[in-house]
>>> print(open('start20.txt').read())   # compact mmCIF, C-alpha atoms
# COMPACT_ATOMS: atom_id res chain seq x y z
CA MET A 137 -22.56 -53.18 -31.71
CA LYS A 138 -19.63 -55.18 -30.42
CA ILE A 139 -16.49 -56.20 -32.28
CA TYR A 140 -15.44 -59.83 -31.72
CA THR A 141 -12.10 -61.51 -32.34
CA ASP A 142 -13.50 -64.29 -34.53
CA ALA A 143 -16.52 -66.33 -35.62
CA ALA A 144 -16.39 -68.82 -32.71
CA HIS A 145 -16.75 -66.04 -30.13
CA ALA A 146 -19.39 -64.13 -32.12
CA LEU A 147 -21.53 -67.29 -32.45
CA ALA A 148 -20.90 -68.84 -29.01
CA ASP A 149 -24.57 -68.56 -27.93
CA LEU A 150 -26.08 -70.03 -31.12
CA LYS A 151 -27.99 -73.05 -29.77
CA SER A 152 -29.71 -76.18 -31.06
CA GLY A 153 -33.23 -75.56 -32.32
CA MET A 154 -32.62 -71.91 -33.24
CA SER A 155 -33.41 -70.26 -36.57
CA LEU A 156 -30.47 -69.01 -38.59
CA MET A 157 -30.49 -66.77 -41.65
CA SER A 158 -27.48 -66.83 -43.97
CA GLY A 159 -26.78 -64.29 -46.71
CA GLY A 160 -25.40 -65.06 -50.14
CA PHE A 161 -26.66 -66.01 -53.59
CA GLY A 162 -25.15 -69.35 -54.55
CA LEU A 163 -21.60 -68.93 -53.27
CA CYS A 164 -21.52 -65.18 -53.90
CA GLY A 165 -21.29 -63.19 -50.66
CA ILE A 166 -21.62 -66.15 -48.28
CA PRO A 167 -20.38 -65.80 -44.66
CA GLU A 168 -17.54 -68.31 -45.03
CA ASN A 169 -15.99 -67.90 -41.56
CA SER A 170 -19.31 -68.16 -39.68
CA ILE A 171 -20.31 -71.28 -41.63
CA ASP A 172 -16.95 -72.91 -40.86
CA ALA A 173 -17.35 -72.02 -37.17
CA ILE A 174 -20.80 -73.69 -37.07
CA THR A 175 -19.30 -76.90 -38.50
CA GLU A 176 -17.17 -77.01 -35.32
CA MET A 177 -20.11 -76.45 -32.93
CA ASP A 178 -22.04 -79.21 -31.18
CA ILE A 179 -25.52 -78.03 -32.19
CA LYS A 180 -28.39 -79.50 -34.23
CA ASP A 181 -32.03 -79.04 -35.28
CA LEU A 182 -31.37 -75.65 -36.84
CA THR A 183 -33.95 -73.98 -39.05
CA VAL A 184 -31.82 -72.48 -41.79
CA ILE A 185 -33.18 -69.63 -43.90
CA SER A 186 -31.07 -69.03 -47.00
CA ASN A 187 -31.80 -68.78 -50.71
CA ASN A 188 -29.79 -71.86 -51.73
CA ILE A 189 -28.62 -73.65 -48.53
CA GLY A 190 -25.19 -73.75 -50.17
CA ASN A 191 -24.29 -74.97 -53.62
CA SER A 192 -22.05 -77.48 -55.34
CA GLY A 193 -21.03 -79.10 -52.02
CA ARG A 194 -19.90 -75.78 -50.54
CA GLY A 195 -21.20 -73.04 -48.25
CA LEU A 196 -24.08 -74.19 -46.00
CA VAL A 197 -23.82 -77.70 -47.50
CA LYS A 198 -21.00 -78.17 -44.97
CA ILE A 199 -23.49 -78.06 -42.08
CA LEU A 200 -26.26 -79.76 -44.10
CA VAL A 201 -24.13 -82.91 -44.52
CA GLN A 202 -23.42 -82.87 -40.75
CA ASP A 203 -27.22 -83.24 -40.29
CA LYS A 204 -27.40 -80.05 -38.24
CA ILE A 205 -30.34 -78.70 -40.26
CA LYS A 206 -33.85 -79.78 -39.28
CA LYS A 207 -35.71 -77.45 -41.61
CA ALA A 208 -34.66 -75.46 -44.67
CA ILE A 209 -36.49 -72.33 -45.83
CA CYS A 210 -35.22 -71.45 -49.30
CA SER A 211 -36.26 -70.72 -52.89
CA TYR A 212 -33.92 -72.78 -55.02
CA VAL A 213 -32.61 -76.35 -54.82
CA GLY A 214 -31.09 -76.65 -58.32
CA GLY A 215 -27.31 -77.12 -58.22
CA ASN A 216 -27.47 -78.50 -54.66
CA PRO A 217 -27.64 -82.31 -55.02
CA ASP A 218 -27.02 -82.87 -51.28
CA LEU A 219 -30.15 -80.89 -50.46
CA GLU A 220 -32.26 -82.40 -53.25
CA LYS A 221 -31.38 -85.93 -52.10
CA ARG A 222 -32.39 -85.17 -48.49
CA LEU A 223 -35.66 -83.62 -49.66
CA LEU A 224 -36.62 -86.52 -51.94
CA ASN A 225 -35.81 -88.95 -49.07
CA LYS A 226 -37.79 -86.69 -46.69
CA GLU A 227 -34.79 -86.47 -44.35
CA ILE A 228 -35.30 -82.76 -43.69
CA GLU A 229 -38.30 -80.46 -43.70
CA ILE A 230 -38.50 -77.79 -46.34
CA GLU A 231 -40.48 -74.65 -46.99
CA LEU A 232 -39.92 -73.53 -50.57
CA VAL A 233 -40.66 -69.83 -50.90
CA PRO A 234 -40.68 -67.85 -54.18
CA GLN A 235 -37.55 -65.71 -54.12
CA GLY A 236 -39.30 -62.34 -54.27
CA THR A 237 -41.65 -63.37 -51.48
CA PHE A 238 -38.68 -64.79 -49.55
CA SER A 239 -36.75 -61.50 -49.70
CA GLU A 240 -39.84 -59.38 -48.97
CA ARG A 241 -40.84 -61.52 -45.96
CA ILE A 242 -37.34 -61.00 -44.56
CA ARG A 243 -37.40 -57.28 -45.31
CA ALA A 244 -40.85 -57.01 -43.70
CA ALA A 245 -39.59 -58.68 -40.52
CA GLY A 246 -36.79 -56.15 -40.20
CA LEU A 247 -38.99 -53.15 -40.89
CA GLY A 248 -41.96 -53.94 -38.67
CA ILE A 249 -44.40 -55.01 -41.38
CA ARG A 250 -46.36 -58.01 -40.07
CA ALA A 251 -47.72 -59.29 -43.39
CA PHE A 252 -48.44 -58.26 -46.97
CA TYR A 253 -50.43 -59.38 -50.03
CA THR A 254 -48.67 -60.47 -53.20
CA PRO A 255 -49.86 -62.10 -56.44
CA THR A 256 -46.79 -64.35 -56.50
CA GLY A 257 -47.67 -68.00 -55.97
CA TYR A 258 -51.43 -67.66 -56.51
CA ALA A 259 -52.94 -70.88 -57.95
CA THR A 260 -49.78 -72.86 -57.14
CA GLU A 261 -48.75 -75.20 -54.32
CA VAL A 262 -47.31 -72.17 -52.52
CA ALA A 263 -50.87 -70.91 -51.94
CA HIS A 264 -51.96 -73.90 -49.79
CA GLY A 265 -53.48 -72.74 -46.52
CA LYS A 266 -52.96 -69.05 -47.24
CA GLU A 267 -55.59 -66.33 -47.19
CA VAL A 268 -56.47 -65.04 -50.67
CA LYS A 269 -57.75 -61.52 -51.25
CA THR A 270 -58.51 -60.01 -54.64
CA PHE A 271 -57.29 -56.51 -55.46
CA ASP A 272 -56.66 -55.98 -59.19
CA ARG A 273 -55.99 -59.72 -59.14
CA PRO A 274 -55.96 -62.48 -56.50
CA CYS A 275 -53.14 -62.18 -53.95
CA LEU A 276 -51.79 -64.32 -51.11
CA LEU A 277 -51.25 -63.10 -47.56
CA GLU A 278 -47.59 -63.64 -46.67
CA THR A 279 -46.17 -63.07 -43.19
CA ALA A 280 -42.86 -61.63 -42.00
CA LEU A 281 -39.96 -64.05 -41.64
CA HIS A 282 -37.81 -63.56 -38.51
CA ALA A 283 -34.77 -65.41 -37.18
CA ASP A 284 -32.76 -65.75 -33.98
CA PHE A 285 -29.44 -65.22 -35.76
CA ALA A 286 -28.29 -63.92 -39.14
CA ILE A 287 -24.79 -64.62 -40.43
CA ILE A 288 -23.76 -62.30 -43.21
CA LYS A 289 -20.65 -61.12 -44.98
CA ALA A 290 -19.79 -57.66 -46.24
CA GLN A 291 -16.60 -56.44 -47.89
CA LYS A 292 -16.13 -53.49 -45.55
CA ALA A 293 -17.43 -52.21 -42.22
CA ASP A 294 -16.46 -49.21 -40.15
CA THR A 295 -16.23 -49.40 -36.36
CA TYR A 296 -19.92 -48.41 -35.96
CA GLY A 297 -20.90 -51.40 -38.13
CA ASN A 298 -21.88 -49.44 -41.23
CA LEU A 299 -21.58 -51.88 -44.14
CA TRP A 300 -20.46 -51.71 -47.74
CA PHE A 301 -21.00 -54.62 -50.15
CA LYS A 302 -19.14 -55.21 -53.40
CA GLU A 303 -21.01 -55.68 -56.69
CA THR A 304 -23.70 -58.40 -56.51
CA ALA A 305 -22.52 -59.69 -53.10
CA ARG A 306 -25.27 -57.68 -51.38
CA ASN A 307 -28.31 -59.83 -52.31
CA PHE A 308 -30.21 -60.93 -49.15
CA SER A 309 -27.58 -59.88 -46.60
CA PRO A 310 -28.75 -56.39 -45.53
CA LEU A 311 -32.35 -57.67 -45.30
CA MET A 312 -31.31 -60.55 -43.06
CA ALA A 313 -29.23 -58.29 -40.82
CA MET A 314 -32.41 -56.29 -40.19
CA ALA A 315 -34.67 -59.33 -39.66
CA ALA A 316 -32.68 -61.31 -37.06
CA LYS A 317 -32.51 -60.72 -33.32
CA ILE A 318 -28.72 -61.05 -33.49
CA SER A 319 -26.88 -60.17 -36.69
CA VAL A 320 -23.32 -61.46 -36.92
CA VAL A 321 -21.35 -59.75 -39.67
CA GLU A 322 -17.95 -60.80 -40.97
CA VAL A 323 -15.97 -58.49 -43.21
CA GLU A 324 -12.80 -58.59 -45.26
CA GLU A 325 -11.79 -55.21 -43.87
CA ILE A 326 -12.68 -53.06 -40.83
CA VAL A 327 -12.00 -49.40 -41.62
CA PRO A 328 -12.03 -46.28 -39.39
CA LEU A 329 -15.19 -44.23 -38.91
CA GLY A 330 -15.63 -41.91 -41.86
CA ALA A 331 -13.68 -44.10 -44.28
CA ILE A 332 -16.96 -45.17 -45.90
CA LYS A 333 -18.76 -41.99 -46.99
CA PRO A 334 -22.27 -41.69 -45.49
CA GLU A 335 -23.88 -41.76 -48.94
CA ASP A 336 -22.03 -44.97 -49.81
CA ILE A 337 -23.27 -46.98 -46.81
CA HIS A 338 -25.49 -49.86 -47.91
CA LEU A 339 -26.65 -50.84 -44.42
CA PRO A 340 -26.45 -48.50 -41.41
CA GLY A 341 -24.57 -50.00 -38.45
CA LEU A 342 -27.72 -49.71 -36.33
CA PHE A 343 -28.73 -53.12 -37.69
CA VAL A 344 -25.39 -54.80 -36.91
CA LYS A 345 -25.08 -56.39 -33.44
CA ARG A 346 -21.78 -58.25 -33.79
CA LEU A 347 -18.85 -57.72 -36.11
CA TYR A 348 -15.57 -59.46 -36.72
CA GLN A 349 -12.72 -59.35 -39.18
CA GLY A 350 -12.82 -62.57 -41.21
CA ARG A 351 -9.82 -64.38 -42.63
CA ASN A 352 -8.69 -66.81 -45.34
CA TYR A 353 -11.49 -66.02 -47.75
CA LYS A 354 -11.86 -68.42 -50.67
CA ASN A 355 -14.40 -66.30 -52.58
CA ASP A 356 -15.09 -69.26 -54.87
CA ILE A 357 -16.51 -68.71 -58.35
CA GLU A 358 -19.28 -71.21 -58.99
CA PHE A 359 -19.36 -71.02 -62.80
CA LEU A 360 -16.47 -69.23 -64.44
CA LYS A 361 -17.82 -68.03 -67.77
CA THR A 362 -15.53 -65.94 -69.95
CA ARG A 363 -15.47 -64.56 -73.46
CA GLY A 364 -12.48 -64.95 -75.75
CA ILE A 365 -10.00 -67.65 -74.77
CA THR A 366 -11.50 -70.07 -72.25
CA PRO A 367 -9.21 -71.47 -69.54
CA MET B 35 -36.26 -78.41 -89.93
CA SER B 36 -36.47 -77.25 -86.34
CA TRP B 37 -34.45 -74.31 -85.03
CA THR B 38 -31.20 -74.79 -83.09
CA ASN B 39 -30.96 -73.34 -79.60
CA ASP B 40 -29.04 -70.35 -81.00
CA GLU B 41 -31.73 -69.76 -83.63
CA MET B 42 -34.39 -69.92 -80.90
CA ALA B 43 -32.45 -67.29 -78.94
CA GLN B 44 -32.45 -65.04 -82.01
CA GLU B 45 -36.21 -65.58 -82.48
CA VAL B 46 -36.78 -64.46 -78.88
CA LEU B 47 -34.73 -61.31 -79.51
CA LYS B 48 -36.92 -60.43 -82.50
CA LEU B 49 -39.88 -60.23 -80.08
CA ILE B 50 -38.14 -57.70 -77.83
CA LYS B 51 -38.41 -53.97 -78.57
CA PRO B 52 -35.21 -51.86 -78.46
CA SER B 53 -34.45 -49.91 -75.27
CA SER B 54 -36.33 -52.37 -73.06
CA SER B 55 -35.49 -53.94 -69.71
CA VAL B 56 -35.24 -57.72 -69.87
CA ASN B 57 -34.78 -60.48 -67.30
CA LEU B 58 -33.11 -63.59 -68.72
CA GLY B 59 -33.81 -66.81 -66.83
CA ILE B 60 -31.53 -69.74 -66.07
CA GLY B 61 -31.01 -72.41 -68.75
CA LEU B 62 -31.85 -71.84 -72.44
CA PRO B 63 -32.61 -68.10 -72.03
CA THR B 64 -28.98 -67.41 -71.04
CA LEU B 65 -28.05 -68.04 -74.71
CA ILE B 66 -29.90 -64.87 -75.68
CA ALA B 67 -27.17 -62.71 -74.13
CA ASN B 68 -24.77 -63.86 -76.87
CA PHE B 69 -26.83 -62.15 -79.59
CA ILE B 70 -27.62 -58.81 -77.96
CA THR B 71 -26.00 -55.89 -79.80
CA ASP B 72 -25.24 -52.41 -78.46
CA GLU B 73 -27.70 -50.97 -80.98
CA MET B 74 -30.60 -52.75 -79.23
CA ASN B 75 -29.87 -50.69 -76.10
CA LEU B 76 -31.29 -53.32 -73.73
CA MET B 77 -30.86 -53.19 -69.96
CA ILE B 78 -30.52 -56.77 -68.78
CA HIS B 79 -31.77 -57.45 -65.26
CA SER B 80 -30.62 -60.37 -63.16
CA GLU B 81 -32.65 -61.00 -60.03
CA ASN B 82 -29.65 -61.51 -57.74
CA GLY B 83 -29.32 -57.71 -57.79
CA VAL B 84 -28.03 -56.13 -60.99
CA LEU B 85 -29.52 -54.07 -63.83
CA GLY B 86 -27.22 -53.56 -66.83
CA VAL B 87 -25.55 -56.95 -67.31
CA GLY B 88 -22.80 -56.88 -69.96
CA PRO B 89 -20.97 -59.67 -71.80
CA SER B 90 -19.02 -62.44 -70.06
CA PRO B 91 -15.69 -61.18 -68.66
CA LEU B 92 -12.23 -61.83 -70.03
CA LEU B 93 -10.47 -64.30 -67.75
CA HIS B 94 -8.52 -61.61 -65.87
CA GLU B 95 -11.69 -59.53 -65.35
CA ALA B 96 -13.77 -62.29 -63.68
CA SER B 97 -14.90 -61.34 -60.16
CA PRO B 98 -16.38 -63.79 -57.61
CA THR B 99 -18.72 -61.04 -56.41
CA LEU B 100 -20.04 -60.23 -59.90
CA ILE B 101 -22.43 -62.94 -61.10
CA ASN B 102 -25.87 -63.41 -62.66
CA ALA B 103 -28.76 -65.46 -61.28
CA GLY B 104 -27.28 -68.54 -62.98
CA LYS B 105 -24.18 -67.97 -60.79
CA GLU B 106 -22.04 -67.32 -63.88
CA THR B 107 -19.42 -64.58 -63.92
CA ILE B 108 -20.56 -61.44 -65.79
CA THR B 109 -19.51 -57.87 -66.46
CA VAL B 110 -21.70 -54.79 -66.26
CA LYS B 111 -22.13 -52.07 -68.85
CA ALA B 112 -22.06 -48.32 -68.31
CA GLY B 113 -25.20 -47.23 -66.52
CA ALA B 114 -25.53 -50.44 -64.52
CA SER B 115 -26.64 -50.53 -60.88
CA PHE B 116 -26.48 -52.98 -57.96
CA PHE B 117 -29.17 -53.44 -55.30
CA ASP B 118 -30.45 -55.92 -52.72
CA SER B 119 -32.84 -58.81 -53.46
CA SER B 120 -35.91 -57.00 -52.14
CA LEU B 121 -35.45 -54.05 -54.49
CA SER B 122 -34.61 -56.45 -57.31
CA PHE B 123 -37.89 -58.31 -56.92
CA GLY B 124 -39.70 -55.02 -56.39
CA MET B 125 -38.58 -54.11 -59.92
CA ILE B 126 -40.16 -57.34 -61.13
CA ARG B 127 -43.32 -57.47 -59.02
CA GLY B 128 -43.86 -53.74 -59.42
CA GLY B 129 -44.17 -54.14 -63.19
CA HIS B 130 -41.01 -52.20 -64.06
CA ILE B 131 -39.33 -54.96 -66.09
CA ASP B 132 -40.57 -55.08 -69.69
CA TYR B 133 -39.78 -58.69 -70.59
CA SER B 134 -39.03 -61.87 -68.74
CA VAL B 135 -37.70 -64.90 -70.60
CA LEU B 136 -37.95 -68.18 -68.70
CA GLY B 137 -37.25 -71.82 -69.40
CA GLY B 138 -40.17 -74.23 -69.17
CA MET B 139 -41.11 -77.85 -68.56
CA GLN B 140 -44.76 -77.42 -69.63
CA VAL B 141 -47.05 -74.64 -70.86
CA ASP B 142 -50.79 -75.12 -71.33
CA CYS B 143 -53.62 -73.59 -73.33
CA GLU B 144 -54.59 -71.38 -70.40
CA GLY B 145 -51.13 -69.81 -70.53
CA SER B 146 -50.00 -71.55 -67.36
CA LEU B 147 -46.35 -72.46 -66.85
CA ALA B 148 -44.76 -75.36 -64.94
CA ASN B 149 -41.00 -75.25 -64.50
CA TRP B 150 -39.93 -75.94 -60.91
CA MET B 151 -40.48 -79.58 -59.93
CA ILE B 152 -41.40 -83.10 -60.99
CA PRO B 153 -43.07 -84.73 -57.96
CA GLY B 154 -40.98 -87.55 -56.50
CA LYS B 155 -38.23 -87.13 -59.12
CA LYS B 156 -36.77 -83.68 -59.28
CA ILE B 157 -36.97 -80.58 -57.08
CA THR B 158 -35.40 -77.53 -58.68
CA GLY B 159 -37.30 -74.98 -56.64
CA MET B 160 -39.10 -71.99 -58.11
CA GLY B 161 -36.32 -69.50 -57.42
CA GLY B 162 -37.60 -66.21 -58.78
CA ALA B 163 -39.84 -67.71 -61.48
CA MET B 164 -43.15 -67.33 -59.62
CA ASP B 165 -42.41 -63.62 -59.09
CA LEU B 166 -41.19 -63.09 -62.66
CA VAL B 167 -44.37 -64.46 -64.23
CA HIS B 168 -46.58 -62.16 -62.14
CA GLY B 169 -44.68 -58.93 -62.61
CA SER B 170 -43.06 -58.61 -66.01
CA LYS B 171 -45.12 -56.87 -68.69
CA THR B 172 -44.43 -59.63 -71.22
CA VAL B 173 -43.62 -63.21 -70.19
CA ILE B 174 -41.81 -65.28 -72.83
CA VAL B 175 -41.10 -68.99 -72.36
CA MET B 176 -38.19 -70.48 -74.30
CA MET B 177 -38.16 -74.29 -74.39
CA SER B 178 -37.94 -77.32 -76.66
CA HIS B 179 -41.26 -78.25 -78.28
CA PHE B 180 -41.05 -81.86 -77.11
CA SER B 181 -39.39 -83.36 -74.05
CA LYS B 182 -36.57 -85.91 -74.40
CA ASP B 183 -39.05 -88.81 -74.32
CA GLY B 184 -41.00 -87.22 -77.20
CA SER B 185 -44.00 -86.02 -75.20
CA PRO B 186 -45.34 -82.54 -76.04
CA LYS B 187 -44.56 -79.68 -73.68
CA ILE B 188 -47.50 -77.54 -74.82
CA LEU B 189 -50.54 -79.27 -73.33
CA PRO B 190 -54.30 -78.73 -72.85
CA ILE B 191 -53.58 -78.53 -69.09
CA CYS B 192 -50.20 -78.78 -67.31
CA ASP B 193 -49.92 -81.90 -65.15
CA LEU B 194 -46.79 -80.71 -63.28
CA PRO B 195 -47.09 -78.26 -60.34
CA LEU B 196 -47.67 -74.75 -61.68
CA THR B 197 -45.31 -71.81 -61.52
CA GLY B 198 -48.18 -69.48 -62.40
CA HIS B 199 -51.70 -69.73 -63.81
CA GLY B 200 -52.56 -67.80 -66.99
CA VAL B 201 -49.32 -65.84 -67.04
CA VAL B 202 -47.54 -66.72 -70.31
CA HIS B 203 -47.79 -64.37 -73.29
CA LEU B 204 -45.41 -65.92 -75.83
CA VAL B 205 -43.64 -69.25 -76.26
CA VAL B 206 -40.62 -69.80 -78.50
CA THR B 207 -39.74 -73.44 -79.17
CA ASP B 208 -37.49 -75.14 -81.70
CA HIS B 209 -40.64 -75.56 -83.83
CA GLY B 210 -42.10 -72.05 -83.80
CA VAL B 211 -43.38 -68.95 -82.04
CA PHE B 212 -46.76 -69.09 -80.30
CA GLU B 213 -48.96 -66.44 -78.74
CA PHE B 214 -51.15 -67.25 -75.75
CA THR B 215 -54.44 -65.63 -74.83
CA LYS B 216 -56.93 -66.64 -72.14
CA ASP B 217 -57.99 -70.08 -73.29
CA HIS B 218 -56.07 -70.81 -76.46
CA TYR B 219 -52.90 -70.15 -78.34
CA LYS B 220 -52.13 -69.30 -81.93
CA ILE B 221 -49.18 -69.91 -84.19
CA ILE B 222 -47.24 -66.73 -84.98
CA LYS B 223 -44.45 -68.38 -86.92
CA LEU B 224 -43.15 -71.86 -87.70
CA ALA B 225 -39.55 -73.01 -88.20
CA PRO B 226 -38.66 -74.05 -91.79
CA ASN B 227 -40.45 -77.26 -92.90
CA ILE B 228 -42.40 -77.51 -89.65
CA THR B 229 -46.12 -77.97 -90.31
CA GLU B 230 -49.13 -77.15 -88.13
CA SER B 231 -49.91 -80.82 -87.66
CA MET B 232 -46.41 -81.39 -86.25
CA VAL B 233 -46.82 -78.75 -83.55
CA ILE B 234 -50.41 -79.19 -82.42
CA SER B 235 -49.98 -82.95 -81.68
CA ASN B 236 -52.41 -83.76 -78.89
CA ALA B 237 -52.62 -80.21 -77.57
CA ILE B 238 -55.78 -78.24 -78.23
CA ARG B 239 -55.50 -75.46 -80.76
CA ALA B 240 -57.99 -72.65 -81.14
>>> encode(input="start20.txt", output="structure tokens")
Amino acid sequence: MKIYTDAAHALADLKSGMSLMSGGFGLCGIPENSIDAITEMDIKDLTVISNNIGNSGRGLVKILVQDKIKKAICSYVGGNPDLEKRLLNKEIEIELVPQGTFSERIRAAGLGIRAFYTPTGYATEVAHGKEVKTFDRPCLLETALHADFAIIKAQKADTYGNLWFKETARNFSPLMAMAAKISVVEVEEIVPLGAIKPEDIHLPGLFVKRLYQGRNYKNDIEFLKTRGITP
Amino acid sequence: MSWTNDEMAQEVLKLIKPSSSVNLGIGLPTLIANFITDEMNLMIHSENGVLGVGPSPLLHEASPTLINAGKETITVKAGASFFDSSLSFGMIRGGHIDYSVLGGMQVDCEGSLANWMIPGKKITGMGGAMDLVHGSKTVIVMMSHFSKDGSPKILPICDLPLTGHGVVHLVVTDHGVFEFTKDHYKIIKLAPNITESMVISNAIRA
């Protein structure tokens, strides 16, 4: 694991045509600094693997509207009109993957599982071209999903790269860090070794290749829903 | 008179046993959260990685890192837990979640659900719906009985791309509550002044 000064240095060898995983659910837990750095890079034809490919004009939508994405692998398009428009106009390729299969394919890649059978998607368009085997019920063979790079965000890391995520910001991020050849992690805070108790570590630093302290986090709320007096 | 959306939400809650785990989908099912009482002792699961969803936060409590699958700010109740997406869907696919309530575009007599795209017009994506319908012990669809153009949403066979085949157990619409078995469905309950002939329309009834 190496600590970098910023996103631009940590992502300097991300090249056109590579596959890129990005953590986050909607705008929750997205790697804001790494996404901004990619908007400044002269690269294209990326295969981007992320649940939403950004939302509401933010997050990965910034690189989508720069036409840097050749193919999107995701589970959900709702709330992302920029992506839906490009799909309906067939301007980018898409592989829509059921979210549980999506996360398990990524987990499998990181943990050395080559493929697995799941009932999810049987008798739907997702099943096209896939091997079917019946156990208690018919299941599809799904293969591991790898990537060249993963960009993820955690709230805290220690100097070994052990990560701690806040609340629901964890989502796909630890899985993607395990599945990519190079995991680039940005954090709000780098703390000394031992400051995160071993039993509180959500992802061991073994899976983290590059780390940097991020800055200027927006941490946008997509839909502010409150009880009592509404703003 | 057909039920309002709030009345539909309350009808769904009547189908759910106390002390259960429940996943509430995006759209109409989110209304159900407004009617859950402490006495029901439900653990609400949201597939983005939380079990034990509480009420919406007060304004000063709202946290950008604490949301549900609809990306709305939430709170958690005592006993809640956070986990990654793989474990979250393992809870679903592994059969550990008692009920799943999903929105729907179409349901058919074989208990199949379509709710993720209209070819050439709209691509929502399946999100977690294809996993939810194959894992939860009881799958409940909450939707209007007719679409905006007046066409029925319970059909002999879905013509939109399927989310799952033969997976729906119960449907709650603004017109009634319906139970689905292998090749037919039956009326469990109708909203006030709704008659059988109004709900069967051109769908096949057993």
>>> residues_around(input="start20.txt", residues="Gly265 in chain A", least_positions_apart="5", cutoff="12 Å", atoms="only C-alpha atoms", output="list in words")
Tyr258, Ala259, Thr260, Leu276, Leu277 and Glu278 of chain A
>>> atom_distance(input="start20.txt", atom1="CA of Leu200 in chain A", atom2="CA of Arg222 in chain A")
9.3 Å
>>> closest_atom_pairs(input="start20.txt", of="range 47-166 of chain B", to="range 198-217 of chain B", cutoff="12 Å", atoms="only C-alpha atoms", output="CSV")
residue,atom,partner,partner_atom,distance
B:Leu47,CA,B:Val206,CA,10.4
B:Lys48,CA,B:Val211,CA,10.7
B:Leu49,CA,B:Leu204,CA,9.0
B:Ile50,CA,B:Leu204,CA,11.2
B:Leu62,CA,B:Thr207,CA,10.5
B:Pro63,CA,B:Val206,CA,10.4
B:Tyr133,CA,B:His203,CA,10.2
B:Ser134,CA,B:Val202,CA,9.9
B:Val135,CA,B:Val205,CA,9.3
B:Leu136,CA,B:Val205,CA,9.5
B:Gly137,CA,B:Val205,CA,9.7
B:Gly138,CA,B:Val205,CA,9.3
B:Met139,CA,B:Thr207,CA,11.6
B:Gln140,CA,B:Val205,CA,10.6
B:Val141,CA,B:Val202,CA,8.0
B:Asp142,CA,B:Gly200,CA,8.7
B:Cys143,CA,B:Asp217,CA,5.6
B:Glu144,CA,B:Asp217,CA,4.6
B:Gly145,CA,B:Gly200,CA,4.3
B:Ser146,CA,B:His199,CA,4.3
B:Leu147,CA,B:Gly198,CA,5.7
B:Ala148,CA,B:Gly198,CA,7.3
B:Asn149,CA,B:Gly198,CA,9.4
B:Trp150,CA,B:Gly198,CA,10.6
B:Met160,CA,B:Gly198,CA,10.4
B:Gly162,CA,B:Gly198,CA,11.7
B:Ala163,CA,B:Gly198,CA,8.6
B:Met164,CA,B:Gly198,CA,6.1
B:Asp165,CA,B:Gly198,CA,8.9
B:Leu166,CA,B:Gly198,CA,9.5
>>> closest_atom_pairs(input="start20.txt", of="chain B", to="chain A", cutoff="6 Å", atoms="only C-alpha atoms", output="JSON lines")
{"residue": "B:Asn82", "atom": "CA", "partner": "A:Asn307", "partner_atom": "CA", "distance": 5.8}
{"residue": "B:Gly83", "atom": "CA", "partner": "A:Thr304", "partner_atom": "CA", "distance": 5.8}
{"residue": "B:Ser90", "atom": "CA", "partner": "A:Thr362", "partner_atom": "CA", "distance": 4.9}
{"residue": "B:Pro91", "atom": "CA", "partner": "A:Thr362", "partner_atom": "CA", "distance": 4.9}
{"residue": "B:Leu92", "atom": "CA", "partner": "A:Thr362", "partner_atom": "CA", "distance": 5.3}
{"residue": "B:Leu93", "atom": "CA", "partner": "A:Thr362", "partner_atom": "CA", "distance": 5.8}
{"residue": "B:Pro98", "atom": "CA", "partner": "A:Ile357", "partner_atom": "CA", "distance": 5.0}
{"residue": "B:Thr99", "atom": "CA", "partner": "A:Ala305", "partner_atom": "CA", "distance": 5.2}
{"residue": "B:Leu100", "atom": "CA", "partner": "A:Thr304", "partner_atom": "CA", "distance": 5.3}
{"residue": "B:Glu106", "atom": "CA", "partner": "A:Phe359", "partner_atom": "CA", "distance": 4.7}
{"residue": "B:Thr107", "atom": "CA", "partner": "A:Lys361", "partner_atom": "CA", "distance": 5.4}
{"residue": "B:Asp118", "atom": "CA", "partner": "A:Asn307", "partner_atom": "CA", "distance": 4.5}
{"residue": "B:Ser119", "atom": "CA", "partner": "A:Asn307", "partner_atom": "CA", "distance": 4.8}
{"residue": "B:Ser120", "atom": "CA", "partner": "A:Ser239", "partner_atom": "CA", "distance": 5.2}
{"residue": "B:Phe123", "atom": "CA", "partner": "A:Gly236", "partner_atom": "CA", "distance": 5.0}
{"residue": "B:Thr158", "atom": "CA", "partner": "A:Gly214", "partner_atom": "CA", "distance": 4.4}
{"residue": "B:Gly159", "atom": "CA", "partner": "A:Tyr212", "partner_atom": "CA", "distance": 4.3}
{"residue": "B:Met160", "atom": "CA", "partner": "A:Pro234", "partner_atom": "CA", "distance": 5.9}
{"residue": "B:Gly161", "atom": "CA", "partner": "A:Ser211", "partner_atom": "CA", "distance": 4.7}
{"residue": "B:Gly162", "atom": "CA", "partner": "A:Gln235", "partner_atom": "CA", "distance": 4.7}
{"residue": "B:Met164", "atom": "CA", "partner": "A:Thr256", "partner_atom": "CA", "distance": 5.6}
{"residue": "B:Asp165", "atom": "CA", "partner": "A:Thr256", "partner_atom": "CA", "distance": 5.1}
{"residue": "B:Leu196", "atom": "CA", "partner": "A:Thr260", "partner_atom": "CA", "distance": 5.4}
>>> atom_distance(input="start20.txt", atom1="CA of Lys180 in chain A", atom2="CA of Leu281 in chain A")
20.7 Å
>>> residues_near_point(input="start20.txt", point="(-31.7, -74.0, -27.5)", cutoff="10 Å", atoms="all atoms listed in the file", output="list in words")
Asp149, Leu150, Lys151, Ser152, Gly153, Met154, Ser155, Ile179, Lys180, Asp181 and Leu182 of chain A
